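Engineer: Quick one: the structure is below, questions incoming.
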Amino acid sequence: MIRLLLVDDHPVVRKGLRAVFDQAGDMAVTGEAATGEEAVRLAPGADVVLMDLRLGAGMSGAESTRLIGGLPRPPRVLVLTTYDTDGDIFAAIEAGAAGYLLKDAPTDDLLDAIRAVARGETILAPPVAARLVTRMRSPRASLSPREVEIVLLVADGLSNRQIARELFISEATVKSHLVHIYAKLEVDNRTGAVKVARRRGLLQR
């Protein structure tokens with residue numbers, strides 16, 4: 001019997017999933033969590049954690065996955081979500097998720113994925129696998145030392161004008177650097193640049 005922990009902040013979703021698993025015959029829902037904090041607390045009683053990524057305010061699904069992976073005998077985490085952006089996918093995989101499915105997956109595919117993950121396999125929805133392959137085939141452009149310096153100052157909350165004064169360069173030069181940074185990190189704003197740079201380990205403070 002595969003023991004399941006359902007992690008989703010929507011009670012209706014959890015109820016629907018429980019009904020599916022109750023009919024499976026080889027699965028038992030041993031716990032439900034609406035928050036990432038609850039998921040980490042209840043995880044030791046499960047074999048597979050079915051994890052949503054967006055859990056409202058508080059700990060994200062990716063962060064919960066990372067903490068669950070640090071437990072003495074961690075269960076396997078299978079992400080089940082509606083989100084398939086590169087940021088969500090890579091955050092979950094880097095956090096240690098053993099699988100990534102979308103909520104529109106057929107019921108049989110979901111059940112098969114849970115069984116596979118419980119056996120120690122890795123399962124990815126076809127669109128997710130395609131994104132990973134595309135990213136692996138496209139080498140990431142690295143930031144220059146000056147660009148890293150600028151992203152660090154952005155992370156500290158400095159405006160373009162303040163960054164220009166700090167680095168003794170013109171504000172136009174700062175804007176030019178930011179355009180290149182956005183392109184390299186595949187984002188379109190300052191917040192996204194800081195988030196991606198941190199996830200890639202480019203910011204060391």
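Numbering starts fresh at 1 for the residues of each chain in the structure tokens, the chains themselves are lettered A, B, ... in the order given, and ligands are numbered from 1 as they appear.
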Could you pull out all residues of chain A with a DSSP call of helix (DSSP H, G or I) and give them as a VMD selection string?
Structural biologist: chain A and resid 11 to 22 36 to 45 61 to 69 86 to 95 107 to 118 126 to 137 145 to 155 160 to 167 171 to 185 190 to 199
Engineer: Tell me, as JSON, numbers by chain, which residues lie within 12 Å of range 114-122 of chain A, counting only C-alpha atoms; anything in the same chain fewer than 6 positions away does not count.
Structural biologist: {"A": [1, 2, 3, 4, 5, 6, 21, 24, 25, 26, 27, 28, 46, 47, 48, 49, 50, 51, 74, 75, 76, 77, 78, 79, 80, 93, 96, 97, 98, 99, 100, 101, 107, 108, 129]}
Engineer: Out of A:Ala193, A:Arg73, A:Leu42, A:Thr85, which residue has the shortest atom-to-atom distance to Glu147 in chain A when counting only C-alpha atoms?
Structural biologist: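 Comparing A:Ala193, A:Arg73, A:Leu42, A:Thr85 against Glu147 in chain A, the winner is A:Ala193.
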Engineer: In terms of the shortest atom-to-atom distance over only C-alpha atoms, which of A:Pro106, A:Thr82, A:Leu203, A:Lys175 is closest to Val151 in chain A?
Structural biologist: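 Closest to Val151 in chain A of all the choices is A:Leu203.
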Engineer: Would you compute the distance between CA of Leu55 in chain A and CA of Gly36 in chain A? Give it in Å to one decimal.
Structural biologist: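 The value is 6.8 Å.
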Engineer: Which residue gives the smallest distance to Arg200 in chain A among A:Leu132, A:Ile169, A:Ala91, A:Ala113, with only C-alpha atoms counted?
Structural biologist: A:Ala91
Engineer: In Å, rounded to a single decimal, give me how far CA of Arg161 in chain A is from CA of His177 in chain A.
Structural biologist: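 Between CA of His177 in chain A and CA of Arg161 in chain A the gap works out to 13.1 Å.
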Engineer: Find the distance between CA of Glu166 in chain A and CA of Ile150 in chain A and write it in Å to one decimal.
Structural biologist: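 Distance reported for this atom pair: 9.8 Å.
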Engineer: Tell me which of A:Arg146, A:Val187, A:Arg66, A:Gly192 sits closest to Val174 in chain A, counting only C-alpha atoms.
Structural biologist: A:Arg146
Engineer: Which is closest to Val148 in chain A among A:Val133, A:Ala197, A:Ile89, A:Val40, if we use only C-alpha atoms?
Structural biologist: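 Of the candidates, the smallest distance to Val148 in chain A is held by A:Ala197.
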Engineer: Quick one: DSSP strand (DSSP E or B) residues in range 7-120 of chain A, as a PyMOL selection string?
Structural biologist: chain A and resi 7+27-33+48-51+76-81+99-102
Engineer: Keeping N, CA, C and O atoms, export the residues of the selection given above as a PDB file, in the first residue's frame.
Structural biologist:
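Dumped everything to out-v3.pdb:
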ATOM      1  N   VAL A   7      -0.949  17.614  -0.698  1.00  0.00           N
ATOM      2  CA  VAL A   7      -0.607  18.994  -0.334  1.00  0.00           C
ATOM      3  C   VAL A   7      -1.205  19.932  -1.377  1.00  0.00           C
ATOM      4  O   VAL A   7      -0.742  20.002  -2.519  1.00  0.00           O
ATOM      5  N   MET A  27      -3.420   2.309  -2.858  1.00  0.00           N
ATOM      6  CA  MET A  27      -3.007   3.605  -2.312  1.00  0.00           C
ATOM      7  C   MET A  27      -3.900   3.993  -1.150  1.00  0.00           C
ATOM      8  O   MET A  27      -5.095   3.676  -1.141  1.00  0.00           O
ATOM      9  N   ALA A  28      -3.322   4.689  -0.171  1.00  0.00           N
ATOM     10  CA  ALA A  28      -4.085   5.170   0.971  1.00  0.00           C
ATOM     11  C   ALA A  28      -3.630   6.573   1.318  1.00  0.00           C
ATOM     12  O   ALA A  28      -2.419   6.822   1.466  1.00  0.00           O
ATOM     13  N   VAL A  29      -4.573   7.510   1.413  1.00  0.00           N
ATOM     14  CA  VAL A  29      -4.248   8.877   1.810  1.00  0.00           C
ATOM     15  C   VAL A  29      -4.114   8.909   3.324  1.00  0.00           C
ATOM     16  O   VAL A  29      -5.084   8.676   4.049  1.00  0.00           O
ATOM     17  N   THR A  30      -2.901   9.159   3.800  1.00  0.00           N
ATOM     18  CA  THR A  30      -2.647   9.150   5.246  1.00  0.00           C
ATOM     19  C   THR A  30      -2.610  10.547   5.839  1.00  0.00           C
ATOM     20  O   THR A  30      -2.520  10.706   7.058  1.00  0.00           O
ATOM     21  N   GLY A  31      -2.666  11.580   4.978  1.00  0.00           N
ATOM     22  CA  GLY A  31      -2.643  12.939   5.500  1.00  0.00           C
ATOM     23  C   GLY A  31      -2.931  13.961   4.425  1.00  0.00           C
ATOM     24  O   GLY A  31      -2.794  13.688   3.232  1.00  0.00           O
ATOM     25  N   GLU A  32      -3.386  15.138   4.849  1.00  0.00           N
ATOM     26  CA  GLU A  32      -3.630  16.263   3.953  1.00  0.00           C
ATOM     27  C   GLU A  32      -3.006  17.513   4.558  1.00  0.00           C
ATOM     28  O   GLU A  32      -3.007  17.685   5.778  1.00  0.00           O
ATOM     29  N   ALA A  33      -2.476  18.368   3.692  1.00  0.00           N
ATOM     30  CA  ALA A  33      -1.863  19.617   4.148  1.00  0.00           C
ATOM     31  C   ALA A  33      -2.278  20.743   3.218  1.00  0.00           C
ATOM     32  O   ALA A  33      -2.341  20.562   1.996  1.00  0.00           O
ATOM     33  N   VAL A  48       4.789   8.825  -0.652  1.00  0.00           N
ATOM     34  CA  VAL A  48       4.802   9.791  -1.748  1.00  0.00           C
ATOM     35  C   VAL A  48       4.017  11.024  -1.312  1.00  0.00           C
ATOM     36  O   VAL A  48       2.910  10.904  -0.784  1.00  0.00           O
ATOM     37  N   VAL A  49       4.597  12.189  -1.537  1.00  0.00           N
ATOM     38  CA  VAL A  49       3.924  13.458  -1.265  1.00  0.00           C
ATOM     39  C   VAL A  49       3.481  14.041  -2.597  1.00  0.00           C
ATOM     40  O   VAL A  49       4.297  14.248  -3.496  1.00  0.00           O
ATOM     41  N   LEU A  50       2.189  14.280  -2.733  1.00  0.00           N
ATOM     42  CA  LEU A  50       1.652  14.902  -3.930  1.00  0.00           C
ATOM     43  C   LEU A  50       1.593  16.402  -3.661  1.00  0.00           C
ATOM     44  O   LEU A  50       0.778  16.871  -2.874  1.00  0.00           O
ATOM     45  N   MET A  51       2.455  17.159  -4.311  1.00  0.00           N
ATOM     46  CA  MET A  51       2.734  18.541  -3.928  1.00  0.00           C
ATOM     47  C   MET A  51       2.292  19.563  -4.979  1.00  0.00           C
ATOM     48  O   MET A  51       2.724  19.499  -6.128  1.00  0.00           O
ATOM     49  N   ARG A  76       9.164  10.409  -1.332  1.00  0.00           N
ATOM     50  CA  ARG A  76       9.356  10.960  -2.667  1.00  0.00           C
ATOM     51  C   ARG A  76       8.300  12.030  -2.908  1.00  0.00           C
ATOM     52  O   ARG A  76       7.168  11.892  -2.452  1.00  0.00           O
ATOM     53  N   VAL A  77       8.662  13.065  -3.611  1.00  0.00           N
ATOM     54  CA  VAL A  77       7.739  14.170  -3.881  1.00  0.00           C
ATOM     55  C   VAL A  77       7.378  14.185  -5.361  1.00  0.00           C
ATOM     56  O   VAL A  77       8.258  14.241  -6.224  1.00  0.00           O
ATOM     57  N   LEU A  78       6.073  14.128  -5.633  1.00  0.00           N
ATOM     58  CA  LEU A  78       5.558  14.237  -6.995  1.00  0.00           C
ATOM     59  C   LEU A  78       4.768  15.534  -7.086  1.00  0.00           C
ATOM     60  O   LEU A  78       3.746  15.698  -6.418  1.00  0.00           O
ATOM     61  N   VAL A  79       5.248  16.462  -7.882  1.00  0.00           N
ATOM     62  CA  VAL A  79       4.562  17.740  -8.046  1.00  0.00           C
ATOM     63  C   VAL A  79       3.332  17.532  -8.924  1.00  0.00           C
ATOM     64  O   VAL A  79       3.404  16.910  -9.993  1.00  0.00           O
ATOM     65  N   LEU A  80       2.194  18.059  -8.467  1.00  0.00           N
ATOM     66  CA  LEU A  80       0.958  18.042  -9.254  1.00  0.00           C
ATOM     67  C   LEU A  80       0.402  19.456  -9.221  1.00  0.00           C
ATOM     68  O   LEU A  80      -0.079  19.922  -8.190  1.00  0.00           O
ATOM     69  N   THR A  81       0.486  20.149 -10.342  1.00  0.00           N
ATOM     70  CA  THR A  81       0.188  21.582 -10.349  1.00  0.00           C
ATOM     71  C   THR A  81      -0.399  22.008 -11.686  1.00  0.00           C
ATOM     72  O   THR A  81      -0.374  21.235 -12.663  1.00  0.00           O
ATOM     73  N   GLY A  99       9.113  13.933  -9.569  1.00  0.00           N
ATOM     74  CA  GLY A  99       8.229  13.941 -10.719  1.00  0.00           C
ATOM     75  C   GLY A  99       7.488  15.248 -10.818  1.00  0.00           C
ATOM     76  O   GLY A  99       7.421  16.018  -9.850  1.00  0.00           O
ATOM     77  N   TYR A 100       6.941  15.513 -12.006  1.00  0.00           N
ATOM     78  CA  TYR A 100       6.244  16.776 -12.243  1.00  0.00           C
ATOM     79  C   TYR A 100       5.124  16.493 -13.220  1.00  0.00           C
ATOM     80  O   TYR A 100       5.355  16.205 -14.392  1.00  0.00           O
ATOM     81  N   LEU A 101       3.882  16.574 -12.735  1.00  0.00           N
ATOM     82  CA  LEU A 101       2.705  16.375 -13.570  1.00  0.00           C
ATOM     83  C   LEU A 101       1.814  17.605 -13.506  1.00  0.00           C
ATOM     84  O   LEU A 101       1.816  18.337 -12.511  1.00  0.00           O
ATOM     85  N   LEU A 102       1.024  17.793 -14.556  1.00  0.00           N
ATOM     86  CA  LEU A 102       0.050  18.865 -14.584  1.00  0.00           C
ATOM     87  C   LEU A 102      -1.309  18.316 -14.172  1.00  0.00           C
ATOM     88  O   LEU A 102      -1.610  17.144 -14.381  1.00  0.00           O
TER      89      LEU A 102
END
